[in-house]
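**Q** The file below is data-v1.txt, compact mmCIF, C-alpha atoms (C1' of nucleotides):
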```txt
# COMPACT_ATOMS: atom_id res chain seq x y z
CA MET A 1 -3.75 -5.06 60.52
CA HIS A 2 -1.30 -2.81 58.75
CA TYR A 3 -2.00 -0.03 56.33
CA ARG A 4 -0.64 -2.10 53.46
CA GLN A 5 -2.92 -5.04 54.26
CA GLN A 6 -5.92 -2.75 54.48
CA LYS A 7 -5.17 -1.28 51.10
CA ALA A 8 -4.74 -4.76 49.65
CA LEU A 9 -8.12 -5.78 51.01
CA LEU A 10 -9.68 -2.77 49.42
CA THR A 11 -8.11 -3.64 46.08
CA ARG A 12 -9.44 -7.16 46.42
CA LYS A 13 -12.91 -5.84 47.05
CA LYS A 14 -12.73 -3.44 44.11
CA ILE A 15 -11.84 -6.32 41.82
CA LEU A 16 -14.50 -8.61 43.25
CA ASP A 17 -17.26 -6.01 42.97
CA ALA A 18 -16.36 -5.09 39.42
CA ALA A 19 -16.14 -8.74 38.39
CA LEU A 20 -19.48 -9.73 39.87
CA GLU A 21 -21.18 -6.78 38.28
CA LEU A 22 -19.77 -7.71 34.91
CA PHE A 23 -20.62 -11.40 35.31
CA THR A 24 -24.22 -10.55 36.12
CA GLU A 25 -24.39 -8.18 33.22
CA LYS A 26 -22.70 -10.24 30.50
CA GLY A 27 -22.15 -13.78 31.75
CA PHE A 28 -18.92 -15.51 32.69
CA ASP A 29 -17.59 -16.31 29.21
CA GLU A 30 -18.20 -12.83 27.86
CA VAL A 31 -16.23 -11.07 30.56
CA LYS A 32 -12.51 -10.68 29.94
CA VAL A 33 -10.04 -10.39 32.79
CA SER A 34 -8.94 -7.18 31.15
CA ASP A 35 -12.52 -5.87 31.47
CA ILE A 36 -12.50 -6.58 35.18
CA VAL A 37 -9.12 -4.93 35.55
CA LYS A 38 -10.22 -1.90 33.61
CA LYS A 39 -13.52 -1.50 35.46
CA SER A 40 -11.88 -1.90 38.88
CA LYS A 41 -9.02 0.43 37.92
CA THR A 42 -6.42 -2.09 38.98
CA SER A 43 -4.13 -4.41 37.03
CA LYS A 44 -3.56 -7.99 36.01
CA GLY A 45 -0.91 -8.17 38.66
CA ALA A 46 -3.42 -7.19 41.31
CA PHE A 47 -6.03 -9.55 39.93
CA TYR A 48 -3.80 -12.57 40.10
CA THR A 49 -2.37 -11.78 43.51
CA HIS A 50 -5.88 -11.93 44.92
CA PHE A 51 -7.46 -14.65 42.79
CA SER A 52 -5.84 -17.63 41.16
CA SER A 53 -8.14 -17.67 38.14
CA LYS A 54 -11.14 -16.04 36.57
CA TYR A 55 -13.21 -18.98 37.72
CA GLU A 56 -12.17 -18.60 41.34
CA ILE A 57 -13.57 -15.11 41.55
CA PHE A 58 -16.77 -16.34 39.97
CA LEU A 59 -17.11 -19.12 42.51
CA GLU A 60 -16.64 -16.63 45.34
CA LYS A 61 -20.09 -15.32 44.64
CA PHE A 62 -21.77 -18.59 43.94
CA LYS A 63 -20.78 -20.17 47.17
CA GLU A 64 -23.91 -18.41 48.30
CA ILE A 65 -25.78 -21.21 46.60
CA ASP A 66 -25.49 -22.81 49.97
CA ASP A 67 -27.52 -20.05 51.55
CA PHE A 68 -30.45 -21.35 49.58
CA TYR A 69 -30.31 -24.72 51.31
CA ILE A 70 -29.80 -23.22 54.75
CA THR A 71 -32.70 -20.84 54.30
CA TYR A 72 -34.88 -23.55 52.84
CA GLU A 73 -34.42 -25.79 55.84
CA GLN A 74 -35.15 -22.97 58.27
CA ASP A 75 -38.32 -22.04 56.44
CA GLN A 76 -39.86 -25.48 56.71
CA THR A 77 -42.31 -25.56 59.57
CA GLY A 78 -45.22 -27.91 58.88
CA PRO A 79 -44.98 -31.63 59.56
CA GLN A 80 -43.23 -33.63 56.85
CA THR A 81 -41.87 -37.14 56.72
CA PRO A 82 -38.14 -37.29 55.98
CA LEU A 83 -38.83 -38.58 52.47
CA GLN A 84 -41.27 -35.75 51.83
CA PHE A 85 -38.71 -33.25 53.04
CA ILE A 86 -36.05 -34.62 50.69
CA GLU A 87 -38.49 -34.59 47.81
CA ASN A 88 -39.63 -31.03 48.46
CA LEU A 89 -36.09 -29.78 48.96
CA HIS A 90 -35.10 -31.07 45.55
CA LYS A 91 -38.17 -29.65 43.91
CA ALA A 92 -37.34 -26.26 45.38
CA GLN A 93 -33.74 -26.72 44.29
CA VAL A 94 -34.56 -26.87 40.59
CA HIS A 95 -36.54 -23.66 40.80
CA TYR A 96 -33.64 -21.97 42.47
CA LEU A 97 -31.16 -23.22 39.89
CA LYS A 98 -33.38 -22.41 36.95
CA ASP A 99 -34.87 -19.11 37.98
CA GLU A 100 -32.38 -17.62 40.40
CA LEU A 101 -28.95 -18.78 39.31
CA GLY A 102 -29.67 -19.56 35.68
CA LYS A 103 -28.42 -22.35 33.46
CA ASP A 104 -25.36 -20.49 32.29
CA THR A 105 -24.04 -19.95 35.78
CA VAL A 106 -24.64 -23.54 36.78
CA ARG A 107 -22.99 -24.75 33.59
CA THR A 108 -19.93 -22.63 34.30
CA ILE A 109 -19.63 -24.08 37.78
CA TYR A 110 -20.15 -27.66 36.64
CA MET A 111 -17.58 -27.23 33.90
CA ASN A 112 -14.88 -25.70 36.02
CA VAL A 113 -15.21 -28.35 38.68
CA LEU A 114 -13.80 -30.72 36.08
CA ARG A 115 -10.72 -28.62 35.41
CA ALA A 116 -7.63 -30.56 36.36
CA ASP A 117 -6.27 -27.96 38.77
CA GLN A 118 -9.57 -27.32 40.51
CA ASP A 119 -10.79 -29.22 43.51
CA SER A 120 -14.44 -30.07 43.54
CA PHE A 121 -17.02 -27.79 45.04
CA VAL A 122 -20.33 -29.20 43.99
CA ALA A 123 -19.56 -32.62 45.44
CA ASP A 124 -17.98 -31.32 48.63
CA LYS A 125 -19.40 -33.21 51.58
CA LYS A 126 -18.82 -30.23 53.83
CA ARG A 127 -21.51 -28.25 52.04
CA PRO A 128 -24.75 -27.50 53.88
CA TYR A 129 -26.68 -29.25 51.12
CA PHE A 130 -25.02 -32.53 51.98
CA HIS A 131 -25.51 -32.04 55.72
CA ILE A 132 -29.19 -31.24 55.40
CA VAL A 133 -29.96 -34.23 53.21
CA LYS A 134 -27.97 -36.47 55.52
CA LYS A 135 -29.81 -35.20 58.57
CA PHE A 136 -33.17 -36.15 57.11
CA ILE A 137 -31.94 -39.49 55.88
CA LYS A 138 -30.81 -40.21 59.41
CA LYS A 139 -34.25 -39.25 60.69
CA GLY A 140 -35.81 -41.61 58.17
CA GLN A 141 -33.58 -44.41 59.29
CA GLU A 142 -34.56 -43.78 62.88
CA ASP A 143 -38.28 -43.88 62.20
CA GLY A 144 -37.91 -46.89 59.90
CA SER A 145 -38.94 -45.20 56.67
CA ILE A 146 -35.46 -45.39 55.13
CA ARG A 147 -33.31 -48.48 54.61
CA GLU A 148 -30.51 -49.12 57.05
CA ASP A 149 -28.25 -51.45 55.08
CA MET A 150 -26.15 -48.41 54.10
CA SER A 151 -25.05 -45.55 56.31
CA SER A 152 -26.75 -42.19 56.06
CA GLU A 153 -23.47 -40.82 54.71
CA VAL A 154 -23.43 -43.31 51.85
CA LEU A 155 -27.11 -42.92 51.05
CA THR A 156 -26.77 -39.16 50.99
CA ALA A 157 -23.82 -39.36 48.65
CA GLN A 158 -25.83 -41.49 46.25
CA ILE A 159 -28.87 -39.23 46.21
CA THR A 160 -26.90 -36.04 45.79
CA LYS A 161 -24.80 -37.43 42.97
CA ALA A 162 -27.81 -38.78 41.10
CA ILE A 163 -29.31 -35.31 41.35
CA ARG A 164 -26.06 -33.87 40.03
CA GLY A 165 -26.47 -36.15 37.03
CA ASN A 166 -29.81 -34.52 36.37
CA ILE A 167 -28.40 -31.03 36.67
CA TYR A 168 -25.46 -31.98 34.47
CA ASP A 169 -27.79 -33.21 31.73
CA TRP A 170 -29.85 -30.05 31.97
CA CYS A 171 -26.70 -27.96 31.54
CA SER A 172 -25.68 -29.80 28.41
CA ASN A 173 -29.04 -29.95 26.65
CA ASP A 174 -30.93 -27.08 25.13
CA LYS A 175 -34.37 -28.54 25.47
CA TYR A 176 -34.57 -30.13 28.85
CA ASP A 177 -37.41 -29.89 31.30
CA LEU A 178 -35.47 -29.74 34.54
CA GLU A 179 -38.49 -29.85 36.85
CA LYS A 180 -40.13 -32.76 35.12
CA GLU A 181 -36.93 -34.77 34.98
CA GLN A 182 -36.23 -34.03 38.63
CA ASP A 183 -39.66 -35.39 39.51
CA TYR A 184 -39.08 -38.57 37.56
CA LEU A 185 -35.67 -39.09 39.09
CA LEU A 186 -36.89 -38.43 42.62
CA SER A 187 -39.64 -40.96 42.15
CA ILE A 188 -37.00 -43.64 41.54
CA LEU A 189 -34.56 -42.45 44.17
CA LEU A 190 -37.11 -42.17 46.97
CA LEU A 191 -38.44 -45.64 46.28
CA GLY A 192 -34.84 -46.80 46.24
CA LEU A 193 -34.38 -45.43 49.73
CA THR A 194 -37.19 -47.42 51.32
CA PRO A 195 -36.35 -50.50 53.33
CA LYS A 196 -36.25 -53.71 51.31
CA GLN A 197 -39.00 -56.16 52.13
CA MET B 198 -15.12 -39.03 -5.93
CA HIS B 199 -12.68 -36.61 -7.45
CA TYR B 200 -8.96 -36.48 -7.06
CA ARG B 201 -9.20 -33.41 -4.89
CA GLN B 202 -11.68 -35.03 -2.52
CA GLN B 203 -9.49 -38.09 -2.22
CA LYS B 204 -6.50 -36.00 -1.33
CA ALA B 205 -8.55 -34.10 1.25
CA LEU B 206 -9.63 -37.36 2.80
CA LEU B 207 -6.03 -38.44 3.04
CA THR B 208 -5.11 -35.18 4.76
CA ARG B 209 -7.94 -35.68 7.19
CA LYS B 210 -6.71 -39.14 8.01
CA LYS B 211 -3.13 -37.95 8.47
CA ILE B 212 -4.32 -35.36 10.97
CA LEU B 213 -6.57 -37.80 12.79
CA ASP B 214 -3.86 -40.46 13.10
CA ALA B 215 -1.26 -38.01 14.33
CA ALA B 216 -3.67 -36.50 16.83
CA LEU B 217 -4.80 -39.79 18.31
CA GLU B 218 -1.26 -40.97 18.66
CA LEU B 219 -0.33 -37.79 20.51
CA PHE B 220 -3.43 -37.89 22.72
CA THR B 221 -2.64 -41.46 23.77
CA GLU B 222 0.94 -40.54 24.42
CA LYS B 223 0.54 -37.24 26.28
CA GLY B 224 -3.14 -36.71 27.11
CA PHE B 225 -5.56 -34.18 25.64
CA ASP B 226 -4.46 -31.07 27.50
CA GLU B 227 -0.79 -31.60 26.82
CA VAL B 228 -1.18 -31.82 23.06
CA LYS B 229 -1.08 -28.56 21.15
CA VAL B 230 -2.81 -28.15 17.81
CA SER B 231 0.56 -27.07 16.49
CA ASP B 232 1.98 -30.44 17.60
CA ILE B 233 -0.68 -32.27 15.64
CA VAL B 234 -0.08 -30.09 12.62
CA LYS B 235 3.65 -30.61 12.81
CA LYS B 236 3.44 -34.36 13.27
CA SER B 237 0.95 -34.78 10.44
CA LYS B 238 2.94 -32.46 8.16
CA THR B 239 -0.12 -30.34 7.42
CA SER B 240 -1.25 -26.90 8.61
CA LYS B 241 -3.67 -25.11 10.88
CA GLY B 242 -5.74 -24.34 7.83
CA ALA B 243 -6.04 -28.04 7.05
CA PHE B 244 -6.78 -28.90 10.66
CA TYR B 245 -9.66 -26.51 10.95
CA THR B 246 -11.16 -27.35 7.57
CA HIS B 247 -11.54 -30.94 8.73
CA PHE B 248 -12.31 -30.49 12.41
CA SER B 249 -14.06 -27.66 14.14
CA SER B 250 -12.05 -27.90 17.35
CA LYS B 251 -9.38 -29.85 19.12
CA TYR B 252 -12.08 -31.52 21.15
CA GLU B 253 -13.97 -32.70 18.07
CA ILE B 254 -11.04 -34.71 16.84
CA PHE B 255 -10.66 -36.20 20.29
CA LEU B 256 -14.28 -37.25 20.36
CA GLU B 257 -13.92 -38.93 16.98
CA LYS B 258 -11.91 -41.63 18.64
CA PHE B 259 -13.93 -41.91 21.77
CA LYS B 260 -17.16 -42.50 20.02
CA GLU B 261 -15.87 -46.03 20.11
CA ILE B 262 -16.92 -46.05 23.74
CA ASP B 263 -20.15 -47.28 22.26
CA ASP B 264 -18.45 -50.38 20.92
CA PHE B 265 -17.98 -51.42 24.50
CA TYR B 266 -21.70 -51.53 25.12
CA ILE B 267 -22.49 -53.29 21.86
CA THR B 268 -19.85 -55.91 22.48
CA TYR B 269 -20.91 -56.32 26.08
CA GLU B 270 -24.48 -57.09 25.14
CA GLN B 271 -23.43 -59.58 22.48
CA ASP B 272 -21.15 -61.40 24.90
CA GLN B 273 -23.88 -62.03 27.44
CA THR B 274 -25.16 -65.59 27.06
CA GLY B 275 -26.23 -67.08 30.39
CA PRO B 276 -29.70 -66.46 31.83
CA GLN B 277 -30.08 -63.13 33.61
CA THR B 278 -33.08 -61.21 34.83
CA PRO B 279 -33.39 -57.73 33.28
CA LEU B 280 -32.38 -56.14 36.57
CA GLN B 281 -29.34 -58.39 36.83
CA PHE B 282 -28.36 -57.49 33.29
CA ILE B 283 -28.58 -53.77 34.04
CA GLU B 284 -26.58 -54.22 37.21
CA ASN B 285 -23.86 -56.24 35.53
CA LEU B 286 -23.66 -53.89 32.57
CA HIS B 287 -22.96 -50.99 34.85
CA LYS B 288 -20.41 -52.90 36.84
CA ALA B 289 -18.59 -53.75 33.64
CA GLN B 290 -18.92 -50.12 32.57
CA VAL B 291 -16.86 -48.78 35.44
CA HIS B 292 -14.05 -51.18 34.69
CA TYR B 293 -14.04 -50.08 31.12
CA LEU B 294 -14.00 -46.40 32.04
CA LYS B 295 -11.35 -46.81 34.69
CA ASP B 296 -9.01 -49.29 33.10
CA GLU B 297 -9.53 -48.85 29.38
CA LEU B 298 -10.39 -45.22 28.79
CA GLY B 299 -8.89 -43.70 31.91
CA LYS B 300 -10.13 -40.91 34.11
CA ASP B 301 -8.42 -38.16 32.16
CA THR B 302 -10.13 -39.07 28.92
CA VAL B 303 -13.53 -39.33 30.55
CA ARG B 304 -12.98 -36.02 32.30
CA THR B 305 -12.12 -34.35 29.02
CA ILE B 306 -15.29 -35.66 27.43
CA TYR B 307 -17.50 -34.71 30.36
CA MET B 308 -16.00 -31.24 30.45
CA ASN B 309 -16.35 -30.49 26.77
CA VAL B 310 -19.94 -31.63 26.70
CA LEU B 311 -20.65 -28.57 28.82
CA ARG B 312 -19.03 -26.14 26.40
CA ALA B 313 -21.63 -23.74 25.11
CA ASP B 314 -21.03 -24.51 21.44
CA GLN B 315 -20.98 -28.26 21.85
CA ASP B 316 -24.01 -30.45 21.62
CA SER B 317 -24.17 -33.26 24.11
CA PHE B 318 -22.75 -36.66 23.35
CA VAL B 319 -22.82 -38.48 26.61
CA ALA B 320 -26.54 -37.92 27.10
CA ASP B 321 -27.49 -38.60 23.50
CA LYS B 322 -30.47 -40.96 23.43
CA LYS B 323 -29.38 -42.33 20.09
CA ARG B 324 -26.35 -43.98 21.67
CA PRO B 325 -26.27 -47.78 21.89
CA TYR B 326 -25.87 -47.49 25.65
CA PHE B 327 -29.28 -45.91 25.94
CA HIS B 328 -30.87 -48.42 23.59
CA ILE B 329 -29.48 -51.40 25.41
CA VAL B 330 -30.59 -50.23 28.83
CA LYS B 331 -34.01 -49.37 27.47
CA LYS B 332 -34.40 -52.78 25.89
CA PHE B 333 -33.84 -54.52 29.19
CA ILE B 334 -36.07 -52.15 31.07
CA LYS B 335 -38.79 -52.97 28.59
CA LYS B 336 -38.20 -56.67 29.19
CA GLY B 337 -38.48 -56.11 32.90
CA GLN B 338 -41.74 -54.26 32.44
CA GLU B 339 -43.08 -57.13 30.39
CA ASP B 340 -42.20 -59.77 32.95
CA GLY B 341 -43.44 -57.61 35.80
CA SER B 342 -40.10 -57.07 37.54
CA ILE B 343 -39.94 -53.37 36.67
CA ARG B 344 -42.48 -50.67 37.46
CA GLU B 345 -44.81 -49.55 34.69
CA ASP B 346 -45.94 -46.16 35.92
CA MET B 347 -43.25 -44.56 33.76
CA SER B 348 -42.31 -45.46 30.21
CA SER B 349 -39.15 -47.44 29.50
CA GLU B 350 -37.79 -44.33 27.80
CA VAL B 351 -38.24 -42.23 30.92
CA LEU B 352 -36.92 -44.87 33.28
CA THR B 353 -33.87 -45.37 31.11
CA ALA B 354 -33.17 -41.66 31.05
CA GLN B 355 -33.26 -41.55 34.84
CA ILE B 356 -30.94 -44.50 35.34
CA THR B 357 -28.40 -43.34 32.80
CA LYS B 358 -28.29 -39.82 34.15
CA ALA B 359 -27.89 -40.99 37.75
CA ILE B 360 -24.97 -43.10 36.57
CA ARG B 361 -23.55 -40.03 34.83
CA GLY B 362 -23.67 -38.28 38.17
CA ASN B 363 -21.47 -40.99 39.59
CA ILE B 364 -19.00 -40.74 36.74
CA TYR B 365 -19.01 -36.96 37.02
CA ASP B 366 -18.13 -37.13 40.69
CA TRP B 367 -15.36 -39.62 39.99
CA CYS B 368 -13.89 -37.26 37.40
CA SER B 369 -13.80 -34.37 39.78
CA ASN B 370 -12.43 -36.12 42.86
CA ASP B 371 -8.97 -37.45 43.33
CA LYS B 372 -9.82 -40.12 45.81
CA TYR B 373 -12.97 -41.79 44.64
CA ASP B 374 -13.70 -45.48 44.53
CA LEU B 375 -15.68 -45.66 41.33
CA GLU B 376 -16.60 -49.34 41.60
CA LYS B 377 -17.77 -49.13 45.17
CA GLU B 378 -19.82 -46.01 44.55
CA GLN B 379 -21.35 -47.55 41.45
CA ASP B 380 -22.43 -50.55 43.54
CA TYR B 381 -24.04 -48.35 46.15
CA LEU B 382 -25.82 -46.26 43.57
CA LEU B 383 -27.07 -49.28 41.66
CA SER B 384 -28.45 -50.73 44.84
CA ILE B 385 -30.70 -47.70 45.19
CA LEU B 386 -31.57 -47.36 41.53
CA LEU B 387 -32.51 -50.99 41.03
CA LEU B 388 -34.76 -50.96 44.06
CA GLY B 389 -36.24 -47.77 42.71
CA LEU B 390 -37.13 -49.57 39.50
CA THR B 391 -39.20 -52.27 41.13
CA PRO B 392 -42.98 -52.02 41.05
CA LYS B 393 -44.48 -50.18 44.00
CA GLN B 394 -46.50 -52.34 46.36
C1' DG C 395 16.73 7.55 61.17
C1' DC C 396 18.51 4.86 57.63
C1' DA C 397 19.48 0.79 55.19
C1' DA C 398 17.55 -3.74 54.04
C1' DT C 399 13.64 -6.42 53.15
C1' DT C 400 9.29 -7.52 51.44
C1' DA C 401 4.60 -7.41 49.80
C1' DA C 402 1.26 -5.18 46.53
C1' DG C 403 0.67 -4.04 42.17
C1' DA C 404 1.57 -2.35 37.18
C1' DG C 405 1.82 -3.95 32.83
C1' DA C 406 4.81 -6.22 29.24
C1' DC C 407 4.96 -10.66 27.72
C1' DC C 408 3.91 -15.60 26.69
C1' DC C 409 1.10 -19.35 25.08
C1' DT C 410 -2.08 -21.63 22.39
C1' DA C 411 -6.86 -22.30 20.49
C1' DG C 412 -9.06 -20.60 16.94
C1' DT C 413 -9.71 -17.11 12.70
C1' DC C 414 -8.61 -14.73 8.44
C1' DT C 415 -6.57 -14.06 4.16
C1' DC C 416 -4.30 -15.39 0.40
C1' DT C 417 -2.48 -19.01 -2.88
C1' DT C 418 -2.88 -22.72 -5.80
C1' DA C 419 -4.45 -26.29 -8.36
C1' DA C 420 -8.44 -28.94 -9.57
C1' DA C 421 -13.06 -28.84 -11.46
C1' DA C 422 -16.71 -26.71 -13.98
C1' DT C 423 -18.30 -23.96 -17.88
C1' DG C 424 -18.75 -22.84 -22.63
C1' DC D 425 -8.77 -25.30 -24.79
C1' DA D 426 -9.21 -21.06 -22.33
C1' DT D 427 -11.52 -18.97 -18.62
C1' DT D 428 -13.90 -18.82 -14.45
C1' DT D 429 -15.06 -20.73 -10.21
C1' DT D 430 -14.12 -23.12 -6.08
C1' DA D 431 -12.34 -25.99 -2.52
C1' DA D 432 -8.11 -27.44 0.11
C1' DG D 433 -4.62 -25.82 2.53
C1' DA D 434 -0.60 -22.75 4.19
C1' DG D 435 0.55 -19.84 7.63
C1' DA D 436 0.22 -15.01 9.53
C1' DC D 437 -2.59 -13.09 12.85
C1' DT D 438 -5.94 -12.36 16.82
C1' DA D 439 -7.82 -13.07 21.43
C1' DG D 440 -7.66 -13.68 25.92
C1' DG D 441 -6.16 -16.32 30.15
C1' DG D 442 -2.44 -16.53 32.73
C1' DT D 443 2.86 -15.55 33.98
C1' DC D 444 7.01 -12.83 34.76
C1' DT D 445 9.66 -9.03 35.96
C1' DC D 446 10.29 -4.87 37.71
C1' DT D 447 8.89 -0.80 40.60
C1' DT D 448 7.49 1.33 44.60
C1' DA D 449 6.22 2.16 49.01
C1' DA D 450 5.41 0.21 53.49
C1' DT D 451 7.59 -2.43 57.19
C1' DT D 452 11.42 -4.23 59.81
C1' DG D 453 15.90 -4.29 61.98
C1' DC D 454 19.70 -2.11 63.68
```
So, in terms of structure tokens, how does the structure I just supplied come out?
**A**
Amino acid sequence: MHYRQQKALLTRKKILDAALELFTEKGFDEVKVSDIVKKSKTSKGAFYTHFSSKYEIFLEKFKEIDDFYITYEQDQTGPQTPLQFIENLHKAQVHYLKDELGKDTVRTIYMNVLRADQDSFVADKKRPYFHIVKKFIKKGQEDGSIREDMSSEVLTAQITKAIRGNIYDWCSNDKYDLEKEQDYLLSILLLGLTPKQ
Amino acid sequence: MHYRQQKALLTRKKILDAALELFTEKGFDEVKVSDIVKKSKTSKGAFYTHFSSKYEIFLEKFKEIDDFYITYEQDQTGPQTPLQFIENLHKAQVHYLKDELGKDTVRTIYMNVLRADQDSFVADKKRPYFHIVKKFIKKGQEDGSIREDMSSEVLTAQITKAIRGNIYDWCSNDKYDLEKEQDYLLSILLLGLTPKQ
DNA sequence: GCAATTAAGAGACCCTAGTCTCTTAAAATG
DNA sequence: CATTTTAAGAGACTAGGGTCTCTTAATTGC
């Protein structure tokens, strides 16, 4: 590690810290790149050598969404059937999105995922969220409580994307009861996971 | 209708026609408002008196998405159970989105729905799509093939939003087999609609 | 140690969606 | 018919994300 690289890393951190502070304070749309540059006492040139867009720096922080899922799984101790686990996970999820992250943040993420140059993030199968759901679907298939005509991978993909539909609708509607709608949707999805008679 | 209003209407039409032609030719992102203005021989002032954004004029055209659903329902003649109808409708839907509208158009719509100033369009319950699905869910509830612990309105909302999740994922992933994923998802959703034992 | 190379960064500049102001001609008023 | 009001539209201007070029100082090579 050379002196120059160290200094660059410090610059990167200055920009990141300033940006996150501003995002928290004013929200993504209200923060200008020039604000970030001013606050971090750097320059546009520095900003764009370290981050490829304003959205990228925003995402940096919100990759910690995944910590929620990891922590959630660890915290579960009592006995639960796989279906109960999946249901409870998704009920906890809406609280986290609503009360911790906030609609505006989620909306920003969901919007930028659709930008032509961006590669997905929410639907990335490498995310802990996907792994955790898949793990419990597998368990359910093993104990016979979940259908086996589709692989756990495929079933997981279907559940998570249906849930994304719910979150998407919440983001685009002013009056939307996220919890209630999540409950309704889960009721259909979980029944849809049971083995066919 | 006064002379001035007539002339305004003509201007509006000139802008709309020019815009749609350019969108078809080059895609939403590649068309500049100045291109539209130039092609229609009008001005920015005229553009923004008739449309509130570039997206709004785009949506104007793609409200005809709804014609697809109306036509589809009318064209169905043979006997089908409500669940079969819903399944077939959604299989036809993906072909329409993929081959008629195209991913780029759908992506543009899904993205703009999330813009803070915009009110939804895709999740609007007044759309024919919603009405048609609801009608068949009601039928299924009447003949006992669909669960009755939730209203047809609620069930419809869940199905349509889960489907939106699928379309959303398609829009944000390069390699995504929309038809196959729709089949998988429908398999879960339709089972989830059946009455609980 | 000294030239040549290169990476970090400063900031002027570009691009384009959207706004603002001003003009003009049609409609309303009397 | 003259005057006032107003709505459509022209186009200059603003805003803000992102790009480009140029500088400088650290690193490398001889």
**Q** Could you please tell me, as a PyMOL selection string, which residues of chain B have an atom within 8 Å of chain C when using all atoms listed in the file?
**A** chain B and resi 200-201+229-230+250
**Q** Would you mind reading off the distance between atom CA of A:Ser187 and atom CA of B:Leu382, one decimal, in Å?
**A**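 A separation of 14.9 Å between them.
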**Q** I need the chain D residues near chain B as a JSON list (two decimals) with C-alpha atoms (C1' of nucleotides), in the frame of the given file; criterion: at most 9 Å, counting all atoms listed in the file.
**A**
```
[["chain", "number", "residue", "atom", "x", "y", "z"],
["D", 431, "DA", "C1'", -12.34, -25.99, -2.52],
["D", 432, "DA", "C1'", -8.11, -27.44, 0.11],
["D", 433, "DG", "C1'", -4.62, -25.82, 2.53],
["D", 434, "DA", "C1'", -0.60, -22.75, 4.19],
["D", 435, "DG", "C1'", 0.55, -19.84, 7.63]]
```
**Q** Provide the atom CA of A:Cys171 to atom CA of A:Arg107 distance in Å, to one decimal place.
**A**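 Going from atom CA of A:Cys171 over to atom CA of A:Arg107 covers 5.3 Å.
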**Q** Using all atoms listed in the file, tabulate the residues of chain A lying at most 10 Å from any atom of chain B, each with its closest atom pair and that distance in Å to one decimal, by chain and increasing residue number, as a Markdown table.
**A**
```
| residue | atom | partner | partner_atom | distance |
| --- | --- | --- | --- | --- |
| A:Asp29 | CA | B:Ala313 | CA | 9.4 |
| A:Asp104 | CA | B:Ala313 | CA | 8.7 |
| A:Arg107 | CA | B:Leu311 | CA | 6.5 |
| A:Thr108 | CA | B:Leu311 | CA | 8.1 |
| A:Tyr110 | CA | B:Leu311 | CA | 7.9 |
| A:Met111 | CA | B:Met308 | CA | 5.5 |
| A:Asn112 | CA | B:Met308 | CA | 7.9 |
| A:Val113 | CA | B:Ser369 | CA | 6.3 |
| A:Leu114 | CA | B:Ser369 | CA | 5.2 |
| A:Arg115 | CA | B:Met308 | CA | 7.7 |
| A:Ala116 | CA | B:Ser369 | CA | 8.0 |
| A:Asp117 | CA | B:Ser369 | CA | 9.9 |
| A:Gln118 | CA | B:Ser369 | CA | 8.3 |
| A:Asp119 | CA | B:Ser369 | CA | 7.0 |
| A:Ser120 | CA | B:Ser369 | CA | 5.7 |
| A:Phe121 | CA | B:Ser369 | CA | 9.0 |
| A:Val122 | CA | B:Asp366 | CA | 8.9 |
| A:Ala123 | CA | B:Asp366 | CA | 6.7 |
| A:Asp124 | CA | B:Asn370 | CA | 9.3 |
| A:Arg147 | CA | B:Ile385 | CA | 9.8 |
| A:Met150 | CA | B:Tyr381 | CA | 8.2 |
| A:Val154 | CA | B:Tyr381 | CA | 7.6 |
| A:Leu155 | CA | B:Tyr381 | CA | 7.9 |
| A:Ala157 | CA | B:Glu378 | CA | 8.8 |
| A:Gln158 | CA | B:Leu382 | CA | 5.5 |
| A:Ile159 | CA | B:Leu382 | CA | 8.1 |
| A:Thr160 | CA | B:Gly362 | CA | 8.6 |
| A:Lys161 | CA | B:Gly362 | CA | 5.0 |
| A:Ala162 | CA | B:Ala359 | CA | 4.0 |
| A:Ile163 | CA | B:Ala359 | CA | 6.9 |
| A:Arg164 | CA | B:Gly362 | CA | 5.3 |
| A:Gly165 | CA | B:Gly362 | CA | 3.7 |
| A:Asn166 | CA | B:Lys358 | CA | 5.9 |
| A:Ile167 | CA | B:Gly362 | CA | 8.8 |
| A:Tyr168 | CA | B:Gly362 | CA | 7.5 |
| A:Asp169 | CA | B:Ala320 | CA | 6.7 |
| A:Trp170 | CA | B:Ala320 | CA | 9.8 |
| A:Cys171 | CA | B:Leu311 | CA | 6.7 |
| A:Ser172 | CA | B:Leu311 | CA | 5.2 |
| A:Asn173 | CA | B:Ser317 | CA | 6.4 |
| A:Asp174 | CA | B:Asp316 | CA | 8.5 |
| A:Glu181 | CA | B:Gln355 | CA | 7.7 |
| A:Gln182 | CA | B:Gln355 | CA | 8.9 |
| A:Tyr184 | CA | B:Gln355 | CA | 7.1 |
| A:Leu185 | CA | B:Gln355 | CA | 5.5 |
| A:Leu186 | CA | B:Gln355 | CA | 9.1 |
| A:Ser187 | CA | B:Gly389 | CA | 7.6 |
| A:Ile188 | CA | B:Gly389 | CA | 4.4 |
| A:Leu189 | CA | B:Gly389 | CA | 5.8 |
| A:Leu190 | CA | B:Gly389 | CA | 7.1 |
| A:Leu191 | CA | B:Gly389 | CA | 4.7 |
| A:Gly192 | CA | B:Gly389 | CA | 3.9 |
| A:Leu193 | CA | B:Ile385 | CA | 6.3 |
| A:Thr194 | CA | B:Leu388 | CA | 8.4 |
| A:Pro195 | CA | B:Leu388 | CA | 9.4 |
| A:Lys196 | CA | B:Leu388 | CA | 7.9 |
```
**Q** Have a look at A:Phe136, A:Tyr176, A:Phe23, A:Tyr96 and name the one nearest to A:Glu64; count all atoms listed in the file.
**A**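 Using all atoms listed in the file, the shortest distance to A:Glu64 belongs to A:Tyr96.
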